[in-house]
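Written out below as structure tokens is the structure these notes cover.
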Amino acid sequence: MELSVAMCGLLCLLFSQAVPMCVPTDYTLYEERRECDFCVAINTTICMGFCYSRDSNMKELAGPRFLIQRGCTYDQVEYRTVILPGCPLHANPLFTYPVALSCHCGTCNTDSDECAHKASSGDGARCSKPLRQIYPYPGLNNYIPPN
Amino acid sequence: MCLFKLTGVSLILSILLYIADSYPNSDMTNMGCEECKLRENKVFSNPGAPVYQCTGCCFSRAYPTPLRSKKTMLVPKNITSEATCCVAKEGKRVVVDNIKLTNHTECHCSTCYHHKS
């Protein structure tokens with residue numbers, strides 16, 4: 001029994017490399033608001049990896065018909081809300097962000113997503129204010145819809 | 001009996017590790033997803049006159065839109081998707097069976113123009 005389990009585990013490990021690697025990946029989000037005193041670092045998961053695409057030999061005749069163009073994007077997503085520290089009373093301290101539960105290679109949904117053309121080379125400056133780490137409660141999902 | 005099982009598991013593990021080690025060294029995140037490159041398009045290729053097509057995998061990611069970027073958007077979106085697609089960098093126009101085609105000669109991961117829905 002243990003032998004079968006060990007073999008299955010190792011075979012899965014080896015052959016999982018035969019599929020495109022578009023998977024949820026740990027990511028640290030840096031956010032700051034002008035009216036608040038701190039920049040916050042929030043641990044979340046995003047979608048990142050490689051997806052298959054194909055150019056067409058017949059673009060002049062058939063247009064995009066035979067093109068395959070997909071990006072690694074969110075499949076199942078959960079929204080979490082945290083309270084930003086150091087915000088004045090008149091400011092909204094709530095910050096809501098998406099957490100990737102699963103990912104897939106698919107088209108970019110222009111209704112909900114900003115579809116940028118090309119991956120940027122860097123993330124730019126992260127914080128201009130003192131940094132605070134935010135630790136949301138595990139399993140807490142408290143999306144508050146904006147007014 | 002226990003020793004026999006242990007020996008068997010060790011042997012199988014050794015074989016599997018040998019197989020894994022024989023994979024070519026490459027970026028682990030791209031393993032199993034073949035790189036963007038020229039491949040023969042067998043639909044249009046004729047003997048002595050191959051037609052090549054760019055196919056393969058390119059990097060992309062989707063992440064929460066930073067607040068500073070949201071402020072510049074006409075319609076703020078919570079998620080930003082950055083994608084690159086395998087497209088032809090260069091190609092030559094050819095006619096195959098009276099059909100005007102572009103025979104790809106060089107590929108790269110670049111702007112996706114048709115990945116939106």
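Just so we're on the same page: first chain in the structure tokens is A, next is B, and so on; residues restart at 1 for each chain, and ligands are numbered from 1 in the order they show up.
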Inset, instruction - Pick out the chain B residues within 8 Å of chain A. Count only C-alpha atoms. Give them as a ChimeraX atom specification. - result: /B:5,9,12,16,20,29-33,53-64,66-67,77-88,100-104,110-117
Legend entry - All residues 12 Å or closer to Ala91 of chain A, only C-alpha atoms, same chain fewer than 5 positions away omitted, as a ChimeraX atom specification: /A:33-37,83-86
Legend entry - For atom CA of Asp75 of chain A and atom CA of Leu101 of chain A, the interatomic separation in Å (one decimal): 7.4 Å
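Remark: for Ile42 of chain A, the closest of the candidate residues A:Val82, A:Gly63, A:Val77, A:Leu89 is A:Val82 (distances computed over only C-alpha atoms).
Atom CA of Glu90 of chain B lies 20.8 Å from atom CA of Gly48 of chain B.
Picture a line from atom CA of Ser102 of chain A to atom CA of Thr28 of chain A; it runs 17.3 Å.
Residues in contact with Tyr52 of chain B at up to 8 Å, not including ones fewer than 5 positions away on its chain and judged by only C-alpha atoms, are B:Leu38, B:Arg39, B:Glu40, B:Asn41, B:Ser45, B:Asn103, B:His104, B:Thr105.
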Store the residues picked out above, limited to N, CA, C and O atoms, as a PDB file, in the first residue's frame.
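Below is the file that was written, selection_6.pdb:
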```
ATOM      1  N   LEU B  38       9.659  28.155 -34.049  1.00  0.00           N
ATOM      2  CA  LEU B  38       9.122  27.738 -35.341  1.00  0.00           C
ATOM      3  C   LEU B  38       8.854  26.235 -35.358  1.00  0.00           C
ATOM      4  O   LEU B  38       9.695  25.440 -34.936  1.00  0.00           O
ATOM      5  N   ARG B  39       7.676  25.900 -35.825  1.00  0.00           N
ATOM      6  CA  ARG B  39       7.329  24.487 -36.018  1.00  0.00           C
ATOM      7  C   ARG B  39       6.646  24.359 -37.375  1.00  0.00           C
ATOM      8  O   ARG B  39       5.935  25.265 -37.814  1.00  0.00           O
ATOM      9  N   GLU B  40       6.860  23.232 -37.989  1.00  0.00           N
ATOM     10  CA  GLU B  40       6.313  23.062 -39.335  1.00  0.00           C
ATOM     11  C   GLU B  40       4.798  22.942 -39.290  1.00  0.00           C
ATOM     12  O   GLU B  40       4.235  22.198 -38.482  1.00  0.00           O
ATOM     13  N   ASN B  41       4.134  23.693 -40.153  1.00  0.00           N
ATOM     14  CA  ASN B  41       2.687  23.613 -40.289  1.00  0.00           C
ATOM     15  C   ASN B  41       2.392  22.566 -41.362  1.00  0.00           C
ATOM     16  O   ASN B  41       2.504  22.822 -42.565  1.00  0.00           O
ATOM     17  N   SER B  45       2.367  22.653 -45.582  1.00  0.00           N
ATOM     18  CA  SER B  45       3.688  22.286 -46.091  1.00  0.00           C
ATOM     19  C   SER B  45       3.566  21.262 -47.210  1.00  0.00           C
ATOM     20  O   SER B  45       2.711  20.378 -47.171  1.00  0.00           O
ATOM     21  N   ASN B 103       4.807  32.732 -44.353  1.00  0.00           N
ATOM     22  CA  ASN B 103       5.684  31.690 -43.818  1.00  0.00           C
ATOM     23  C   ASN B 103       6.548  32.337 -42.735  1.00  0.00           C
ATOM     24  O   ASN B 103       7.376  33.197 -43.026  1.00  0.00           O
ATOM     25  N   HIS B 104       6.327  31.971 -41.480  1.00  0.00           N
ATOM     26  CA  HIS B 104       7.059  32.599 -40.382  1.00  0.00           C
ATOM     27  C   HIS B 104       8.533  32.200 -40.427  1.00  0.00           C
ATOM     28  O   HIS B 104       8.868  31.025 -40.664  1.00  0.00           O
ATOM     29  N   THR B 105       9.421  33.159 -40.196  1.00  0.00           N
ATOM     30  CA  THR B 105      10.857  32.873 -40.217  1.00  0.00           C
ATOM     31  C   THR B 105      11.527  33.118 -38.867  1.00  0.00           C
ATOM     32  O   THR B 105      12.624  32.648 -38.615  1.00  0.00           O
TER      33      THR B 105
END
```
